[in-house]
Structures are given as structure tokens and as C-alpha cells.
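Listing of structure29.txt, compact mmCIF, C-alpha atoms
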# COMPACT_ATOMS: atom_id res chain seq x y z
CA MET A 1 101.60 37.49 146.66
CA LEU A 2 102.08 40.45 149.01
CA ASN A 3 105.71 39.50 149.54
CA ASN A 4 106.15 39.58 145.77
CA ILE A 5 104.80 43.14 145.75
CA ASP A 6 107.42 44.13 148.32
CA LYS A 7 110.18 42.73 146.12
CA ALA A 8 108.91 44.04 142.79
CA VAL A 9 107.98 47.59 143.75
CA SER A 10 110.36 50.26 145.03
CA ALA A 11 109.61 52.32 148.14
CA PRO A 12 108.78 55.51 146.16
CA GLU A 13 106.45 53.52 143.90
CA GLN A 14 104.75 51.99 146.93
CA GLN A 15 104.22 55.44 148.42
CA GLN A 16 102.80 56.72 145.13
CA THR A 17 100.39 53.79 144.97
CA GLU A 18 99.25 54.36 148.56
CA VAL A 19 98.62 58.04 147.84
CA LEU A 20 96.76 57.14 144.63
CA ILE A 21 94.47 54.74 146.50
CA LYS A 22 93.66 57.38 149.10
CA GLU A 23 93.03 60.04 146.44
CA LYS A 24 90.67 57.79 144.50
CA ALA A 25 88.91 56.72 147.70
CA ARG A 26 88.34 60.42 148.43
CA VAL A 27 86.80 60.84 144.99
CA LEU A 28 84.42 57.94 145.62
CA PHE A 29 83.47 58.92 149.16
CA PHE A 30 83.63 62.73 149.12
CA GLN A 31 82.91 63.74 145.51
CA LYS A 32 80.62 60.98 144.26
CA GLY A 33 78.97 60.17 147.58
CA PHE A 34 79.58 56.42 147.48
CA LEU A 35 79.98 56.17 151.26
CA ASN A 36 79.44 52.41 151.16
CA ALA A 37 81.92 51.79 148.35
CA THR A 38 83.44 48.32 148.50
CA THR A 39 87.11 47.44 148.41
CA GLN A 40 86.65 46.28 144.82
CA GLU A 41 85.03 49.58 143.81
CA ILE A 42 87.91 51.51 145.38
CA ALA A 43 90.41 49.30 143.55
CA ASP A 44 88.57 49.82 140.25
CA GLU A 45 88.55 53.61 140.76
CA ALA A 46 92.29 53.56 141.49
CA GLY A 47 93.02 51.15 138.63
CA VAL A 48 94.78 48.66 140.90
CA ASN A 49 94.25 45.08 142.00
CA ARG A 50 92.07 44.64 145.09
CA ALA A 51 94.95 42.83 146.80
CA LEU A 52 96.87 46.12 146.80
CA ILE A 53 94.15 47.75 148.92
CA HIS A 54 94.67 45.05 151.54
CA TYR A 55 98.44 45.31 151.18
CA TYR A 56 98.52 49.03 151.99
CA PHE A 57 95.57 49.28 154.39
CA ARG A 58 94.89 45.68 155.51
CA SER A 59 91.14 46.31 155.41
CA ARG A 60 88.49 48.70 154.17
CA GLU A 61 87.98 49.74 157.81
CA GLN A 62 91.61 50.80 158.15
CA LEU A 63 91.39 52.80 154.92
CA LEU A 64 88.28 54.56 156.26
CA ASP A 65 90.04 55.31 159.54
CA THR A 66 93.05 56.71 157.67
CA LEU A 67 90.86 58.95 155.51
CA LEU A 68 88.81 60.12 158.48
CA GLU A 69 91.89 61.05 160.50
CA GLU A 70 93.36 62.92 157.53
CA VAL A 71 90.24 64.97 156.76
CA VAL A 72 89.58 65.81 160.42
CA THR A 73 93.22 66.90 160.80
CA GLU A 74 92.94 69.03 157.65
CA LYS A 75 89.79 70.70 158.99
CA ARG A 76 91.45 71.37 162.34
CA GLU A 77 94.54 72.85 160.69
CA ARG A 78 92.41 75.14 158.50
CA VAL A 79 90.57 76.45 161.55
CA LYS A 80 93.81 76.91 163.48
CA ALA A 81 95.45 78.78 160.59
CA ILE A 82 92.50 81.15 160.40
CA PHE A 83 92.14 81.90 164.11
CA THR A 84 95.86 82.22 164.84
CA SER A 85 96.28 84.82 162.11
CA ASP A 86 96.42 88.55 162.90
CA ARG A 87 93.27 89.35 160.92
CA PRO A 88 90.34 91.15 162.54
CA PHE A 89 87.82 88.75 164.09
CA ARG A 90 85.15 89.44 161.47
CA HIS A 91 87.61 88.74 158.68
CA LYS A 92 88.46 85.44 160.35
CA ILE A 93 84.79 84.46 160.42
CA ALA A 94 84.40 85.50 156.78
CA LEU A 95 87.43 83.40 155.83
CA TYR A 96 86.10 80.44 157.82
CA ILE A 97 82.81 80.63 155.91
CA GLU A 98 84.68 80.85 152.60
CA LYS A 99 86.90 77.85 153.34
CA VAL A 100 84.13 75.57 154.64
CA ILE A 101 81.89 76.20 151.66
CA ASP A 102 84.70 76.05 149.09
CA VAL A 103 85.78 72.66 150.44
CA GLY A 104 82.12 71.60 150.40
CA ILE A 105 81.83 72.52 146.72
CA THR A 106 84.91 70.42 145.90
CA TYR A 107 83.89 67.53 148.17
CA PRO A 108 80.08 67.70 148.51
CA TYR A 109 79.85 64.52 150.61
CA LEU A 110 82.78 65.15 152.95
CA GLU A 111 80.65 66.31 155.88
CA ASN A 112 78.32 63.33 155.43
CA PHE A 113 81.35 61.05 155.63
CA ILE A 114 82.62 62.66 158.84
CA ILE A 115 79.19 62.58 160.49
CA SER A 116 78.49 58.97 159.52
CA GLU A 117 81.91 57.69 160.59
CA THR A 118 81.98 59.48 163.96
CA ALA A 119 78.37 58.42 164.63
CA ARG A 120 79.30 54.82 163.85
CA ASP A 121 82.17 54.97 166.36
CA PRO A 122 81.81 57.87 168.87
CA GLU A 123 85.18 57.03 170.43
CA LYS A 124 86.85 58.33 167.27
CA THR A 125 85.55 61.81 168.03
CA LYS A 126 87.24 61.78 171.44
CA ILE A 127 90.51 60.60 169.90
CA PHE A 128 90.53 63.36 167.27
CA CYS A 129 89.60 66.04 169.80
CA SER A 130 92.41 64.90 172.09
CA LYS A 131 94.88 65.61 169.27
CA ASP A 132 93.83 69.27 169.11
CA LYS A 133 96.68 70.45 171.31
CA GLN A 134 96.02 74.14 170.78
CA ARG A 135 92.28 73.71 171.40
CA SER A 136 90.67 75.69 168.61
CA SER A 137 87.55 76.15 170.73
CA VAL A 138 89.57 77.96 173.41
CA MET A 139 91.08 80.34 170.83
CA ILE A 140 87.69 81.15 169.37
CA ARG A 141 86.14 81.60 172.82
CA GLN A 142 88.72 84.20 173.82
CA GLN A 143 88.52 86.12 170.55
CA LEU A 144 84.72 86.15 170.66
CA GLN A 145 84.82 87.39 174.25
CA ASP A 146 87.19 90.19 173.24
CA GLU A 147 84.71 91.30 170.55
CA ILE A 148 81.84 91.27 173.03
CA GLU A 149 83.77 93.20 175.67
CA ALA A 150 84.77 95.80 173.05
CA GLY A 151 81.09 96.31 172.22
CA ARG A 152 81.46 95.06 168.65
CA MET A 153 79.12 92.11 169.19
CA ALA A 154 76.08 91.37 171.30
CA PRO A 155 76.74 88.89 174.12
CA ILE A 156 76.38 85.25 173.09
CA PRO A 157 77.84 82.06 174.60
CA THR A 158 80.65 80.63 172.50
CA GLU A 159 78.88 77.28 172.14
CA HIS A 160 75.81 78.93 170.60
CA PHE A 161 77.91 81.17 168.35
CA MET A 162 79.89 78.22 166.98
CA VAL A 163 76.83 75.99 166.56
CA ASN A 164 75.10 78.79 164.64
CA LEU A 165 78.14 79.35 162.43
CA VAL A 166 78.91 75.69 161.76
CA SER A 167 75.26 74.77 161.19
CA MET A 168 74.67 77.55 158.68
CA CYS A 169 77.79 76.48 156.76
CA ASN A 170 77.35 72.71 156.94
CA TYR A 171 73.61 72.09 156.74
CA PRO A 172 73.40 72.95 153.00
CA LEU A 173 76.26 70.49 152.45
CA LEU A 174 74.70 67.69 154.50
CA ALA A 175 71.29 68.26 152.90
CA LYS A 176 72.54 68.55 149.31
CA ASN A 177 70.22 65.91 147.86
CA VAL A 178 67.20 67.16 149.82
CA LEU A 179 67.76 70.78 148.80
CA GLN A 180 68.22 69.88 145.15
CA SER A 181 65.05 67.78 145.16
CA VAL A 182 62.85 70.23 147.08
CA HIS A 183 63.99 73.33 145.20
CA GLY A 184 64.59 71.71 141.81
CA MET A 185 68.26 72.69 141.74
CA SER A 186 70.65 71.39 139.11
CA ASP A 187 74.24 70.79 140.20
CA ALA A 188 75.23 74.17 138.73
CA THR A 189 72.35 75.93 140.50
CA TYR A 190 73.26 74.23 143.77
CA ARG A 191 76.89 75.41 143.50
CA LYS A 192 75.67 78.95 142.80
CA PHE A 193 73.40 78.67 145.85
CA LEU A 194 76.39 77.69 148.01
CA GLN A 195 78.36 80.71 146.79
CA GLU A 196 75.41 82.93 147.71
CA ARG A 197 75.28 81.31 151.15
CA LYS A 198 78.63 82.87 152.06
CA GLN A 199 77.20 86.38 152.01
CA VAL A 200 73.91 85.30 153.59
CA ILE A 201 75.66 83.60 156.53
CA TYR A 202 77.97 86.53 157.19
CA ARG A 203 75.11 89.00 156.96
CA THR A 204 73.02 86.91 159.34
CA ILE A 205 75.79 86.92 161.95
CA PHE A 206 77.02 90.50 161.69
CA ASN A 207 74.18 92.34 159.91
CA GLU A 208 76.60 93.75 157.36
CA GLU A 209 78.11 92.77 154.00
CA MET A 210 81.05 90.39 153.95
CA PRO A 211 84.37 92.21 153.39
CA GLU A 212 85.99 91.68 150.01
CA GLY A 213 89.46 90.30 149.34
CA ILE A 214 89.74 88.21 152.51
CA SER A 215 91.19 85.01 151.04

Encoded form using C-alpha cells:
Amino acid sequence: MLNNIDKAVSAPEQQQTEVLIKEKARVLFFQKGFLNATTQEIADEAGVNRALIHYYFRSREQLLDTLLEEVVTEKRERVKAIFTSDRPFRHKIALYIEKVIDVGITYPYLENFIISETARDPEKTKIFCSKDKQRSSVMIRQQLQDEIEAGRMAPIPTEHFMVNLVSMCNYPLLAKNVLQSVHGMSDATYRKFLQERKQVIYRTIFNEEMPEGIS
């Protein structure tokens, strides 16, 4: 059957189908939160036969690995683009906060997916980190140190600064269901809460209002 697919479908059509499957899998995993979605559920979402999932990705596991590598690479590239720009350091942090939360609003279960997949196979984390040739952490460390030496920030180890920043951005995304239940938030109220978090996080770090027009 798979050989028949090769013969019947052109290369561009095959590529389009592969992209479609990945896009629909993202919807299931990252937007709808179906982290345990089956191959059949992915096929139904994409409107294709289940055999096509196995044709393009061989297994559900390979599809998950492909998605994980793509989203981790996208996150890394966003961070690199921000911290290699010529913006002032505080503008970079403001833009980082904006980007993380905006992506979280679009894909509310993305961080849950990354955490669950890397926890399931810790070796994946090492592999992805090894691909960060420019070492985002090194860039951030140097820029933070420059701010501290210039007297624009109180001394703080880079590890603590980044854990504070990442935690304040990501915890409301990871705890979406808990926050909505505890505080009685509708989906619309929760999204408004996330928008408000941007200013709260920036103010907590720098004790000043977030600059406007940074995107």
C-alpha cells in the first residue's frame, strides 16, 4: 500500500501532506492539549488515512520526536534572535517576555508537551542543548554581567536570573487548568490574565514599567 502511495502522489504533494500532518498534530498537542492523542486521532484531525501517518513518520514516537525537535529549535532561534539584536538589554528582556507569552496564548499546551517529552527521555534534552552552537546561555550571561558592572542591575547569578524569568513566564502556561479552576477564569479571562502578566513580570524584574513599542 505504501509503495502505491509513492507512485500515486507527487513529491510536492507528499511534502504538503507531511506538513499538514505536523500542523494538525500541533493543533491536537499544543492547542487542544491532547498530549496522549493516538495515531488515529492525529489522522482524523488531518483528514488522512492512518497509514499515511506511518508512511511519513513510521510511528507515533517518530512524529513526537520530529515535533519536539522543531518546537525546541524554534524556541532557541527566537531567543537567539532577541539576544543577538542591538537592542538595550531591558528591551531584550521585555521582548522575550512578549514572545514567550504570545506563543503560550497561541499554543497553551506547548510547554507541557516539552516538559513531558524531555522528562520521558532526558537524553533528548542533552541532544537539543548540544545543537545550540551559539550557546544562548553564554550570550545572556555576558549581557547580564555588563548590566551589573554598569550599575544598572543589582548583582545576581545568571542561573537565578534566568530561572526567575523563565519561571514567571512559563508557570502560568504550565498551570493553565489549575489557575482557571482556582480563580474561576474563563478562557477569555485567562488570556487577559496572560497579557497582564507581561507587565507584572517586567515590573518585578526591573521595578519599572515595560517600554512600549518593543516588538

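The spacing separating CA of Val163 (chain A) from CA of Asp86 (chain A) amounts to 23.6 Å.
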
Counting all atoms listed in the file, the option among A:Met139, A:Leu194, A:Ala154, A:Ile21 closest to Thr84 (chain A): A:Met139

In Å to one decimal, how far is CA of Ala188 (chain A) from CA of Leu173 (chain A)? 14.2 Å

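Here CA of Ser137 (chain A) is placed at a distance of 20.0 Å from CA of Ile201 (chain A).
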
Contact residues around region 52-56 of chain A with all atoms listed in the file at 8 Å, ignoring same-chain residues under 5 positions, as a PDB file with C-alpha atoms, in the frame of the given file:
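Generated file (part13.pdb):
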ATOM      1  CA  LEU A   2     102.080  40.450 149.010  1.00  0.00           C
ATOM      2  CA  GLU A  18      99.250  54.360 148.560  1.00  0.00           C
ATOM      3  CA  ILE A  21      94.470  54.740 146.500  1.00  0.00           C
ATOM      4  CA  THR A  39      87.110  47.440 148.410  1.00  0.00           C
ATOM      5  CA  ALA A  43      90.410  49.300 143.550  1.00  0.00           C
TER       6      ALA A  43
END

Test item: residues at most 12 Å from Met168 (chain A), only C-alpha atoms, excluding those fewer than 5 positions along its chain, as a PyMOL selection string: chain A and resi 96-97+100-101+161-163+173-175+194+197-205

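Restricting the calculation to only C-alpha atoms, the smallest distance between Ile156 (chain A) and any of A:Arg141, A:Tyr107, A:Glu41, A:Ser85 is found for A:Arg141.
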
Nearest residue to Gly213 (chain A) from the set A:Glu149, A:Asp187, A:Glu45, A:Glu98 (distances using only C-alpha atoms): A:Glu98

From the set A:Ala81, A:Arg76, A:Thr158, A:Asn170, which residue has the shortest atom-to-atom contact distance to Ile115 (chain A), counting only C-alpha atoms? A:Asn170

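Closest approach to Val71 (chain A) among A:Tyr171, A:Phe29, A:Phe193, A:Phe89 is made by A:Phe29 (distances from all atoms listed in the file).
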
Which residues of region 51-153 of chain A sit at most 8 Å from region 32-36 of chain A, using only C-alpha atoms? Give each one's shortest atom pair and distance in Å (one decimal place), in chain and ascending residue order, as CSV.
residue,atom,partner,partner_atom,distance
A:Pro108,CA,A:Gly33,CA,7.7
A:Tyr109,CA,A:Gly33,CA,5.4
A:Phe113,CA,A:Leu35,CA,6.7

Pick from A:Gln142, A:Gln31, A:Gln180, A:Thr73, whichever lies nearest to Leu110 (chain A) using only C-alpha atoms: A:Gln31

Can you take region 28-152 of chain A from the block and write C-alpha atoms as a PDB file, in the first residue's frame?
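So selection-v1.pdb came out as:
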ATOM      1  CA  LEU A  28      -4.028  18.448  18.906  1.00  0.00           C
ATOM      2  CA  PHE A  29      -0.999  18.542  21.192  1.00  0.00           C
ATOM      3  CA  PHE A  30      -0.338  22.260  21.677  1.00  0.00           C
ATOM      4  CA  GLN A  31      -3.724  23.963  21.243  1.00  0.00           C
ATOM      5  CA  LYS A  32      -6.185  21.335  22.446  1.00  0.00           C
ATOM      6  CA  GLY A  33      -3.921  19.673  24.995  1.00  0.00           C
ATOM      7  CA  PHE A  34      -4.417  16.104  23.757  1.00  0.00           C
ATOM      8  CA  LEU A  35      -0.862  15.081  24.681  1.00  0.00           C
ATOM      9  CA  ASN A  36      -1.789  11.395  24.506  1.00  0.00           C
ATOM     10  CA  ALA A  37      -3.516  11.642  21.130  1.00  0.00           C
ATOM     11  CA  THR A  38      -3.386   8.383  19.196  1.00  0.00           C
ATOM     12  CA  THR A  39      -2.221   7.904  15.634  1.00  0.00           C
ATOM     13  CA  GLN A  40      -5.860   7.514  14.596  1.00  0.00           C
ATOM     14  CA  GLU A  41      -6.842  10.787  16.295  1.00  0.00           C
ATOM     15  CA  ILE A  42      -3.997  12.586  14.520  1.00  0.00           C
ATOM     16  CA  ALA A  43      -5.087  11.081  11.205  1.00  0.00           C
ATOM     17  CA  ASP A  44      -8.701  12.133  11.827  1.00  0.00           C
ATOM     18  CA  GLU A  45      -7.608  15.695  12.669  1.00  0.00           C
ATOM     19  CA  ALA A  46      -5.544  15.848   9.465  1.00  0.00           C
ATOM     20  CA  GLY A  47      -8.271  14.199   7.384  1.00  0.00           C
ATOM     21  CA  VAL A  48      -5.954  11.451   6.142  1.00  0.00           C
ATOM     22  CA  ASN A  49      -5.752   7.686   6.406  1.00  0.00           C
ATOM     23  CA  ARG A  50      -3.838   6.372   9.425  1.00  0.00           C
ATOM     24  CA  ALA A  51      -1.500   4.516   7.065  1.00  0.00           C
ATOM     25  CA  LEU A  52      -0.217   7.898   5.864  1.00  0.00           C
ATOM     26  CA  ILE A  53       0.953   8.758   9.386  1.00  0.00           C
ATOM     27  CA  HIS A  54       3.087   5.614   9.370  1.00  0.00           C
ATOM     28  CA  TYR A  55       4.228   6.308   5.817  1.00  0.00           C
ATOM     29  CA  TYR A  56       5.614   9.746   6.653  1.00  0.00           C
ATOM     30  CA  PHE A  57       6.726   9.192  10.252  1.00  0.00           C
ATOM     31  CA  ARG A  58       6.888   5.382  10.663  1.00  0.00           C
ATOM     32  CA  SER A  59       5.485   5.655  14.189  1.00  0.00           C
ATOM     33  CA  ARG A  60       3.753   7.998  16.604  1.00  0.00           C
ATOM     34  CA  GLU A  61       7.048   8.162  18.525  1.00  0.00           C
ATOM     35  CA  GLN A  62       8.907   9.464  15.478  1.00  0.00           C
ATOM     36  CA  LEU A  63       6.221  12.089  14.886  1.00  0.00           C
ATOM     37  CA  LEU A  64       6.555  13.214  18.517  1.00  0.00           C
ATOM     38  CA  ASP A  65      10.342  13.394  18.175  1.00  0.00           C
ATOM     39  CA  THR A  66      10.001  15.451  14.987  1.00  0.00           C
ATOM     40  CA  LEU A  67       7.583  17.888  16.621  1.00  0.00           C
ATOM     41  CA  LEU A  68       9.715  18.184  19.751  1.00  0.00           C
ATOM     42  CA  GLU A  69      12.868  18.933  17.781  1.00  0.00           C
ATOM     43  CA  GLU A  70      11.037  21.546  15.701  1.00  0.00           C
ATOM     44  CA  VAL A  71       9.493  23.399  18.651  1.00  0.00           C
ATOM     45  CA  VAL A  72      12.719  23.357  20.683  1.00  0.00           C
ATOM     46  CA  THR A  73      14.628  24.678  17.657  1.00  0.00           C
ATOM     47  CA  GLU A  74      12.014  27.406  17.161  1.00  0.00           C
ATOM     48  CA  LYS A  75      12.322  28.442  20.819  1.00  0.00           C
ATOM     49  CA  ARG A  76      16.106  28.520  20.577  1.00  0.00           C
ATOM     50  CA  GLU A  77      16.026  30.612  17.406  1.00  0.00           C
ATOM     51  CA  ARG A  78      13.609  33.105  18.983  1.00  0.00           C
ATOM     52  CA  VAL A  79      15.904  33.541  21.973  1.00  0.00           C
ATOM     53  CA  LYS A  80      18.968  33.875  19.744  1.00  0.00           C
ATOM     54  CA  ALA A  81      17.269  36.476  17.539  1.00  0.00           C
ATOM     55  CA  ILE A  82      16.376  38.543  20.590  1.00  0.00           C
ATOM     56  CA  PHE A  83      19.736  38.423  22.349  1.00  0.00           C
ATOM     57  CA  THR A  84      21.868  38.928  19.234  1.00  0.00           C
ATOM     58  CA  SER A  85      19.977  42.095  18.325  1.00  0.00           C
ATOM     59  CA  ASP A  86      21.370  45.550  19.108  1.00  0.00           C
ATOM     60  CA  ARG A  87      18.508  46.462  21.445  1.00  0.00           C
ATOM     61  CA  PRO A  88      19.179  47.583  25.022  1.00  0.00           C
ATOM     62  CA  PHE A  89      19.239  44.671  27.473  1.00  0.00           C
ATOM     63  CA  ARG A  90      15.961  45.653  29.129  1.00  0.00           C
ATOM     64  CA  HIS A  91      14.234  45.821  25.765  1.00  0.00           C
ATOM     65  CA  LYS A  92      15.518  42.330  25.015  1.00  0.00           C
ATOM     66  CA  ILE A  93      14.035  41.016  28.250  1.00  0.00           C
ATOM     67  CA  ALA A  94      10.742  42.780  27.508  1.00  0.00           C
ATOM     68  CA  LEU A  95      10.671  41.236  24.027  1.00  0.00           C
ATOM     69  CA  TYR A  96      11.485  37.803  25.450  1.00  0.00           C
ATOM     70  CA  ILE A  97       8.535  38.089  27.846  1.00  0.00           C
ATOM     71  CA  GLU A  98       6.266  39.209  24.992  1.00  0.00           C
ATOM     72  CA  LYS A  99       7.281  36.344  22.709  1.00  0.00           C
ATOM     73  CA  VAL A 100       7.032  33.582  25.325  1.00  0.00           C
ATOM     74  CA  ILE A 101       3.575  34.627  26.453  1.00  0.00           C
ATOM     75  CA  ASP A 102       2.273  35.310  22.928  1.00  0.00           C
ATOM     76  CA  VAL A 103       3.346  31.821  21.842  1.00  0.00           C
ATOM     77  CA  GLY A 104       1.744  30.462  25.015  1.00  0.00           C
ATOM     78  CA  ILE A 105      -1.554  32.128  24.145  1.00  0.00           C
ATOM     79  CA  THR A 106      -1.493  30.557  20.670  1.00  0.00           C
ATOM     80  CA  TYR A 107      -0.292  27.159  21.911  1.00  0.00           C
ATOM     81  CA  PRO A 108      -1.396  26.886  25.567  1.00  0.00           C
ATOM     82  CA  TYR A 109      -0.103  23.320  25.978  1.00  0.00           C
ATOM     83  CA  LEU A 110       3.240  23.699  24.210  1.00  0.00           C
ATOM     84  CA  GLU A 111       5.294  23.982  27.404  1.00  0.00           C
ATOM     85  CA  ASN A 112       3.504  20.966  28.886  1.00  0.00           C
ATOM     86  CA  PHE A 113       4.453  18.990  25.780  1.00  0.00           C
ATOM     87  CA  ILE A 114       8.124  19.982  26.004  1.00  0.00           C
ATOM     88  CA  ILE A 115       8.311  19.215  29.734  1.00  0.00           C
ATOM     89  CA  SER A 116       6.558  15.853  29.428  1.00  0.00           C
ATOM     90  CA  GLU A 117       8.615  14.704  26.437  1.00  0.00           C
ATOM     91  CA  THR A 118      12.008  15.718  27.858  1.00  0.00           C
ATOM     92  CA  ALA A 119      11.081  14.193  31.240  1.00  0.00           C
ATOM     93  CA  ARG A 120      10.124  10.960  29.498  1.00  0.00           C
ATOM     94  CA  ASP A 121      13.515  10.823  27.768  1.00  0.00           C
ATOM     95  CA  PRO A 122      16.144  13.059  29.468  1.00  0.00           C
ATOM     96  CA  GLU A 123      18.699  12.230  26.769  1.00  0.00           C
ATOM     97  CA  LYS A 124      16.671  14.335  24.337  1.00  0.00           C
ATOM     98  CA  THR A 125      17.455  17.426  26.390  1.00  0.00           C
ATOM     99  CA  LYS A 126      21.195  16.814  26.025  1.00  0.00           C
ATOM    100  CA  ILE A 127      20.834  16.322  22.281  1.00  0.00           C
ATOM    101  CA  PHE A 128      18.912  19.570  21.802  1.00  0.00           C
ATOM    102  CA  CYS A 129      21.311  21.540  24.009  1.00  0.00           C
ATOM    103  CA  SER A 130      24.266  20.202  22.027  1.00  0.00           C
ATOM    104  CA  LYS A 131      22.749  21.742  18.882  1.00  0.00           C
ATOM    105  CA  ASP A 132      22.822  25.226  20.410  1.00  0.00           C
ATOM    106  CA  LYS A 133      26.096  26.164  18.753  1.00  0.00           C
ATOM    107  CA  GLN A 134      25.986  29.797  19.803  1.00  0.00           C
ATOM    108  CA  ARG A 135      25.062  28.893  23.391  1.00  0.00           C
ATOM    109  CA  SER A 136      22.247  31.266  24.234  1.00  0.00           C
ATOM    110  CA  SER A 137      23.068  30.959  27.928  1.00  0.00           C
ATOM    111  CA  VAL A 138      26.581  32.321  27.312  1.00  0.00           C
ATOM    112  CA  MET A 139      25.204  35.340  25.419  1.00  0.00           C
ATOM    113  CA  ILE A 140      22.719  36.120  28.166  1.00  0.00           C
ATOM    114  CA  ARG A 141      25.355  35.658  30.882  1.00  0.00           C
ATOM    115  CA  GLN A 142      27.678  38.213  29.292  1.00  0.00           C
ATOM    116  CA  GLN A 143      24.947  40.777  28.657  1.00  0.00           C
ATOM    117  CA  LEU A 144      23.614  40.421  32.198  1.00  0.00           C
ATOM    118  CA  GLN A 145      27.129  40.847  33.583  1.00  0.00           C
ATOM    119  CA  ASP A 146      27.575  44.015  31.514  1.00  0.00           C
ATOM    120  CA  GLU A 147      24.372  45.441  33.038  1.00  0.00           C
ATOM    121  CA  ILE A 148      25.535  44.598  36.548  1.00  0.00           C
ATOM    122  CA  GLU A 149      29.001  46.083  36.025  1.00  0.00           C
ATOM    123  CA  ALA A 150      27.425  49.268  34.622  1.00  0.00           C
ATOM    124  CA  GLY A 151      25.363  49.597  37.808  1.00  0.00           C
ATOM    125  CA  ARG A 152      22.044  49.200  36.000  1.00  0.00           C
TER     126      ARG A 152
END
